[in-house]
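K.L.:
So that you have it, the file is run_4.txt, and it contains compact mmCIF, N, CA and C atoms:
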# COMPACT_ATOMS: atom_id res chain seq x y z
N MET A 117 38.60 40.20 -75.31
CA MET A 117 39.23 39.33 -74.37
C MET A 117 39.41 40.00 -73.02
N ALA A 118 39.44 41.27 -73.00
CA ALA A 118 39.59 42.00 -71.75
C ALA A 118 38.42 41.74 -70.84
N SER A 119 37.24 41.63 -71.38
CA SER A 119 36.07 41.36 -70.53
C SER A 119 36.15 39.95 -69.96
N ASP A 120 36.74 39.01 -70.73
CA ASP A 120 36.92 37.65 -70.22
C ASP A 120 37.90 37.65 -69.05
N ASP A 121 38.96 38.46 -69.12
CA ASP A 121 39.94 38.55 -68.03
C ASP A 121 39.29 39.13 -66.77
N ILE A 122 38.45 40.13 -66.94
CA ILE A 122 37.76 40.75 -65.79
C ILE A 122 36.80 39.74 -65.17
N THR A 123 36.10 39.00 -66.02
CA THR A 123 35.15 38.01 -65.54
C THR A 123 35.88 36.93 -64.77
N ILE A 124 37.01 36.49 -65.31
CA ILE A 124 37.79 35.45 -64.64
C ILE A 124 38.31 35.98 -63.31
N ARG A 125 38.78 37.21 -63.28
CA ARG A 125 39.30 37.80 -62.05
C ARG A 125 38.18 37.94 -61.01
N ILE A 126 37.01 38.36 -61.43
CA ILE A 126 35.87 38.49 -60.51
C ILE A 126 35.49 37.12 -59.96
N LEU A 127 35.44 36.13 -60.85
CA LEU A 127 35.10 34.77 -60.42
C LEU A 127 36.15 34.22 -59.45
N GLN A 128 37.42 34.54 -59.70
CA GLN A 128 38.48 34.09 -58.80
C GLN A 128 38.35 34.78 -57.42
N GLU A 129 38.00 36.05 -57.43
CA GLU A 129 37.82 36.78 -56.16
C GLU A 129 36.62 36.21 -55.39
N ILE A 130 35.57 35.87 -56.14
CA ILE A 130 34.40 35.27 -55.50
C ILE A 130 34.79 33.91 -54.91
N ARG A 131 35.56 33.13 -55.70
CA ARG A 131 36.02 31.82 -55.22
C ARG A 131 36.87 31.97 -53.96
N ASP A 132 37.77 32.94 -53.95
CA ASP A 132 38.63 33.16 -52.80
C ASP A 132 37.82 33.61 -51.57
N ALA A 133 36.83 34.45 -51.83
CA ALA A 133 35.97 34.92 -50.73
C ALA A 133 35.16 33.76 -50.17
N VAL A 134 34.66 32.88 -51.05
CA VAL A 134 33.90 31.72 -50.59
C VAL A 134 34.81 30.80 -49.79
N ARG A 135 36.04 30.62 -50.22
CA ARG A 135 36.99 29.79 -49.47
C ARG A 135 37.24 30.39 -48.09
N GLY A 136 37.41 31.70 -48.04
CA GLY A 136 37.62 32.36 -46.74
C GLY A 136 36.40 32.20 -45.84
N THR A 137 35.23 32.34 -46.46
CA THR A 137 33.99 32.14 -45.70
C THR A 137 33.90 30.71 -45.20
N ASN A 138 34.25 29.77 -46.06
CA ASN A 138 34.23 28.36 -45.66
C ASN A 138 35.22 28.09 -44.53
N ASP A 139 36.39 28.70 -44.61
CA ASP A 139 37.39 28.53 -43.55
C ASP A 139 36.87 29.07 -42.21
N ARG A 140 36.27 30.27 -42.27
CA ARG A 140 35.71 30.85 -41.04
C ARG A 140 34.55 29.99 -40.52
N LEU A 141 33.74 29.47 -41.44
CA LEU A 141 32.63 28.61 -41.05
C LEU A 141 33.15 27.31 -40.41
N ASP A 142 34.22 26.75 -40.97
CA ASP A 142 34.83 25.55 -40.38
C ASP A 142 35.34 25.85 -38.97
N ALA A 143 35.98 27.00 -38.80
CA ALA A 143 36.49 27.39 -37.47
C ALA A 143 35.33 27.58 -36.50
N THR A 144 34.26 28.21 -36.97
CA THR A 144 33.08 28.41 -36.12
C THR A 144 32.47 27.07 -35.74
N ASN A 145 32.39 26.16 -36.69
CA ASN A 145 31.84 24.83 -36.40
C ASN A 145 32.71 24.09 -35.39
N ALA A 146 34.04 24.24 -35.49
CA ALA A 146 34.94 23.58 -34.54
C ALA A 146 34.72 24.15 -33.14
N ARG A 147 34.59 25.48 -33.03
CA ARG A 147 34.33 26.09 -31.72
C ARG A 147 32.97 25.64 -31.18
N LEU A 148 32.00 25.55 -32.07
CA LEU A 148 30.67 25.11 -31.66
C LEU A 148 30.71 23.66 -31.17
N ASP A 149 31.46 22.81 -31.86
CA ASP A 149 31.60 21.42 -31.42
C ASP A 149 32.25 21.35 -30.03
N ALA A 150 33.27 22.18 -29.81
CA ALA A 150 33.93 22.21 -28.50
C ALA A 150 32.97 22.71 -27.43
N THR A 151 32.20 23.74 -27.76
CA THR A 151 31.22 24.26 -26.81
C THR A 151 30.17 23.21 -26.48
N ASN A 152 29.69 22.51 -27.49
CA ASN A 152 28.71 21.44 -27.26
C ASN A 152 29.28 20.34 -26.37
N ALA A 153 30.54 20.00 -26.58
CA ALA A 153 31.17 18.97 -25.75
C ALA A 153 31.24 19.43 -24.30
N ARG A 154 31.60 20.69 -24.08
CA ARG A 154 31.65 21.22 -22.71
C ARG A 154 30.25 21.24 -22.10
N LEU A 155 29.27 21.63 -22.90
CA LEU A 155 27.89 21.65 -22.40
C LEU A 155 27.43 20.24 -22.02
N ASP A 156 27.79 19.25 -22.84
CA ASP A 156 27.43 17.87 -22.52
C ASP A 156 28.00 17.45 -21.17
N VAL A 157 29.25 17.84 -20.92
CA VAL A 157 29.88 17.51 -19.63
C VAL A 157 29.10 18.18 -18.49
N HIS A 158 28.75 19.46 -18.67
CA HIS A 158 28.02 20.18 -17.62
C HIS A 158 26.61 19.62 -17.44
N ILE A 159 25.98 19.25 -18.53
CA ILE A 159 24.63 18.67 -18.44
C ILE A 159 24.69 17.34 -17.69
N ASP A 160 25.69 16.52 -18.00
CA ASP A 160 25.84 15.24 -17.30
C ASP A 160 26.08 15.47 -15.81
N ALA A 161 26.94 16.44 -15.49
CA ALA A 161 27.22 16.74 -14.08
C ALA A 161 25.97 17.27 -13.38
N THR A 162 25.22 18.11 -14.07
CA THR A 162 23.99 18.66 -13.49
C THR A 162 22.97 17.55 -13.27
N ASN A 163 22.83 16.67 -14.24
CA ASN A 163 21.90 15.54 -14.07
C ASN A 163 22.31 14.65 -12.91
N ALA A 164 23.60 14.41 -12.78
CA ALA A 164 24.08 13.60 -11.65
C ALA A 164 23.80 14.31 -10.33
N GLY A 165 23.99 15.62 -10.32
CA GLY A 165 23.69 16.39 -9.11
C GLY A 165 22.22 16.32 -8.74
N PHE A 166 21.34 16.44 -9.74
CA PHE A 166 19.91 16.34 -9.47
C PHE A 166 19.53 14.95 -8.98
N ALA A 167 20.15 13.94 -9.54
CA ALA A 167 19.88 12.57 -9.09
C ALA A 167 20.28 12.41 -7.63
N ALA A 168 21.43 12.96 -7.26
CA ALA A 168 21.88 12.90 -5.86
C ALA A 168 20.93 13.67 -4.96
N LEU A 169 20.47 14.82 -5.42
CA LEU A 169 19.51 15.60 -4.64
C LEU A 169 18.21 14.83 -4.44
N ARG A 170 17.75 14.16 -5.50
CA ARG A 170 16.52 13.37 -5.37
C ARG A 170 16.70 12.25 -4.34
N ARG A 171 17.86 11.59 -4.40
CA ARG A 171 18.13 10.51 -3.43
C ARG A 171 18.15 11.08 -2.00
N ASP A 172 18.86 12.20 -1.82
CA ASP A 172 18.94 12.81 -0.50
C ASP A 172 17.56 13.26 -0.03
N PHE A 173 16.79 13.84 -0.92
CA PHE A 173 15.45 14.31 -0.56
C PHE A 173 14.59 13.15 -0.10
N LYS A 174 14.63 12.05 -0.86
CA LYS A 174 13.83 10.88 -0.48
C LYS A 174 14.28 10.33 0.86
N LYS A 175 15.59 10.30 1.09
CA LYS A 175 16.12 9.79 2.35
C LYS A 175 15.65 10.68 3.51
N HIS A 176 15.76 11.99 3.33
CA HIS A 176 15.35 12.92 4.39
C HIS A 176 13.83 12.93 4.57
N GLU A 177 13.11 12.79 3.46
CA GLU A 177 11.66 12.74 3.54
C GLU A 177 11.24 11.50 4.34
N PHE A 178 11.87 10.37 4.07
CA PHE A 178 11.57 9.14 4.81
C PHE A 178 11.90 9.31 6.29
N ALA A 179 13.06 9.90 6.57
CA ALA A 179 13.46 10.11 7.97
C ALA A 179 12.48 11.05 8.67
N THR A 180 12.05 12.09 7.97
CA THR A 180 11.10 13.03 8.56
C THR A 180 9.76 12.36 8.83
N LEU A 181 9.28 11.61 7.86
CA LEU A 181 8.01 10.90 8.06
C LEU A 181 8.10 9.90 9.21
N THR A 182 9.24 9.22 9.30
CA THR A 182 9.44 8.27 10.40
C THR A 182 9.42 9.00 11.73
N GLU A 183 10.09 10.13 11.81
CA GLU A 183 10.12 10.91 13.05
C GLU A 183 8.73 11.42 13.41
N ILE A 184 7.98 11.86 12.42
CA ILE A 184 6.60 12.33 12.67
C ILE A 184 5.76 11.18 13.22
N ARG A 185 5.86 10.02 12.61
CA ARG A 185 5.08 8.86 13.08
C ARG A 185 5.49 8.46 14.50
N GLU A 186 6.79 8.47 14.76
CA GLU A 186 7.25 8.12 16.10
C GLU A 186 6.78 9.15 17.12
N SER A 187 6.80 10.42 16.74
CA SER A 187 6.33 11.47 17.63
C SER A 187 4.84 11.31 17.91
N GLU A 188 4.06 11.01 16.88
CA GLU A 188 2.63 10.78 17.08
C GLU A 188 2.39 9.58 17.99
N ALA A 189 3.19 8.54 17.82
CA ALA A 189 3.05 7.35 18.67
C ALA A 189 3.38 7.70 20.12
N ARG A 190 4.45 8.50 20.34
CA ARG A 190 4.80 8.92 21.70
C ARG A 190 3.69 9.75 22.32
N GLN A 191 3.12 10.66 21.52
CA GLN A 191 2.02 11.49 22.02
C GLN A 191 0.80 10.64 22.36
N GLN A 192 0.49 9.67 21.52
CA GLN A 192 -0.65 8.79 21.79
C GLN A 192 -0.40 7.98 23.05
N ALA A 193 0.81 7.46 23.22
CA ALA A 193 1.14 6.70 24.42
C ALA A 193 1.02 7.58 25.66
N ALA A 194 1.47 8.84 25.55
CA ALA A 194 1.35 9.77 26.68
C ALA A 194 -0.12 10.03 27.02
N ARG A 195 -0.95 10.16 26.00
CA ARG A 195 -2.39 10.36 26.24
C ARG A 195 -2.98 9.14 26.95
N PHE A 196 -2.58 7.95 26.54
CA PHE A 196 -3.07 6.73 27.20
C PHE A 196 -2.61 6.67 28.65
N ARG A 197 -1.33 7.03 28.88
CA ARG A 197 -0.82 7.04 30.26
C ARG A 197 -1.60 8.05 31.10
N ASP A 198 -1.83 9.24 30.54
CA ASP A 198 -2.59 10.25 31.27
C ASP A 198 -4.01 9.77 31.55
N ARG A 199 -4.63 9.14 30.58
CA ARG A 199 -5.99 8.63 30.75
C ARG A 199 -6.02 7.55 31.83
N ASP A 200 -5.03 6.66 31.80
CA ASP A 200 -4.96 5.60 32.82
C ASP A 200 -4.75 6.21 34.21
N GLU A 201 -3.86 7.19 34.29
CA GLU A 201 -3.60 7.85 35.57
C GLU A 201 -4.87 8.55 36.07
N GLN A 202 -5.58 9.22 35.18
CA GLN A 202 -6.84 9.87 35.57
C GLN A 202 -7.87 8.84 36.03
N ARG A 203 -7.96 7.72 35.33
CA ARG A 203 -8.89 6.67 35.72
C ARG A 203 -8.55 6.14 37.11
N ARG A 204 -7.26 5.88 37.36
CA ARG A 204 -6.84 5.39 38.70
C ARG A 204 -7.14 6.44 39.77
N ARG A 205 -6.90 7.69 39.43
CA ARG A 205 -7.15 8.77 40.40
C ARG A 205 -8.65 8.87 40.71
N ILE A 206 -9.48 8.75 39.68
CA ILE A 206 -10.93 8.78 39.89
C ILE A 206 -11.36 7.60 40.76
N GLU A 207 -10.79 6.43 40.49
CA GLU A 207 -11.12 5.26 41.29
C GLU A 207 -10.73 5.47 42.75
N ARG A 208 -9.55 6.07 43.00
CA ARG A 208 -9.12 6.35 44.38
C ARG A 208 -10.07 7.34 45.05
N CYS A 209 -10.46 8.37 44.28
CA CYS A 209 -11.38 9.36 44.83
C CYS A 209 -12.73 8.72 45.16
N GLU A 210 -13.22 7.87 44.27
CA GLU A 210 -14.50 7.19 44.52
C GLU A 210 -14.40 6.29 45.74
N GLN A 211 -13.24 5.62 45.90
CA GLN A 211 -13.05 4.76 47.07
C GLN A 211 -13.01 5.60 48.34
N ALA A 212 -12.35 6.75 48.26
CA ALA A 212 -12.28 7.63 49.43
C ALA A 212 -13.67 8.15 49.78
N ILE A 213 -14.44 8.52 48.78
CA ILE A 213 -15.80 9.00 49.01
C ILE A 213 -16.64 7.88 49.63
N GLU A 214 -16.51 6.69 49.10
CA GLU A 214 -17.25 5.54 49.62
C GLU A 214 -16.85 5.27 51.07
N ALA A 215 -15.55 5.36 51.36
CA ALA A 215 -15.08 5.14 52.73
C ALA A 215 -15.62 6.21 53.66
N LEU A 216 -15.64 7.45 53.18
CA LEU A 216 -16.17 8.54 54.01
C LEU A 216 -17.67 8.37 54.23
N ALA A 217 -18.36 7.83 53.27
CA ALA A 217 -19.80 7.65 53.40
C ALA A 217 -20.12 6.63 54.48
N HIS A 218 -19.25 5.69 54.76
CA HIS A 218 -19.50 4.66 55.74
C HIS A 218 -18.95 5.01 57.12
N HIS A 219 -18.28 6.10 57.25
CA HIS A 219 -17.74 6.51 58.57
C HIS A 219 -18.59 7.64 59.12
N PRO A 220 -18.87 7.56 60.39
CA PRO A 220 -19.65 8.65 60.98
C PRO A 220 -18.81 9.93 61.05
N VAL A 221 -19.47 11.04 60.92
CA VAL A 221 -18.79 12.33 61.00
C VAL A 221 -18.61 12.66 62.46
N PRO A 222 -17.39 12.95 62.92
CA PRO A 222 -17.18 13.24 64.32
C PRO A 222 -17.92 14.54 64.71
N GLY A 223 -18.65 14.47 65.80
CA GLY A 223 -19.39 15.61 66.33
C GLY A 223 -20.62 15.95 65.54
N GLY A 224 -20.99 15.14 64.62
CA GLY A 224 -22.18 15.44 63.83
C GLY A 224 -23.09 14.24 63.76
N THR A 225 -24.18 14.42 63.07
CA THR A 225 -25.13 13.32 62.90
C THR A 225 -25.22 12.97 61.45
N ARG A 226 -25.72 11.78 61.33
CA ARG A 226 -25.91 11.31 59.95
C ARG A 226 -27.31 11.22 59.60
Write out the structure in this file as structure tokens.
P.N.:
Amino acid sequence: MASDDITIRILQEIRDAVRGTNDRLDATNARLDATNARLDVHIDATNAGFAALRRDFKKHEFATLTEIRESEARQQAARFRDRDEQRRRIERCEQAIEALAHHPVPGGTR
């Protein structure tokens, strides 16, 4: 019967150790659940932040593209103004040359 008592005592110690392990495992699981909950909050906040960044990026990208297009339009308009001014200047020069061609040169011959 002494061996039965030792066996029972060993089995009881194993049972107690398993209970202690289960208790520690339950505590670990509770901490893990709390950590997961905090991570979920941070993930949601991070996702919201990225969504805001995407919106801001698109807004700024649109504004930048609009400014580039407006700048190109201003440059094109300036080129047209310059071209028109050059055309008018050439016309004035041609008229002056034509007028000079029809006037006699003072003190000279034609």
K.L.:
Taking a cut-off of 12 Å and counting only C-alpha atoms, can you build a table that, for each residue of segment 160-200 of chain A near segment 205-222 of chain A, reports the nearest atom pair and how far apart they are in Å (one decimal), sorted by chain then residue number, as JSON lines?
P.N.:
{"residue": "A:Asp198", "atom": "CA", "partner": "A:Arg205", "partner_atom": "CA", "distance": 10.3}
{"residue": "A:Arg199", "atom": "CA", "partner": "A:Arg205", "partner_atom": "CA", "distance": 9.7}
{"residue": "A:Asp200", "atom": "CA", "partner": "A:Arg205", "partner_atom": "CA", "distance": 8.5}
K.L.:
Can you measure atom N of Gln192 of chain A to atom CA of Thr180 of chain A for me? One decimal in Å is fine.
P.N.:
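Between atom N of Gln192 of chain A and atom CA of Thr180 of chain A the gap is 17.1 Å.
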K.L.:
To one decimal in Å, tell me the separation between atom C of Ala189 of chain A and atom N of Glu201 of chain A.
P.N.:
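Separating atom C of Ala189 of chain A from atom N of Glu201 of chain A is a distance of 15.9 Å.
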K.L.:
Please measure the separation of atom N of Thr123 of chain A and atom CA of Gly136 of chain A, giving the value in Å to one decimal.
P.N.:
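Value for the atom N of Thr123 of chain A-atom CA of Gly136 of chain A distance: 20.4 Å.
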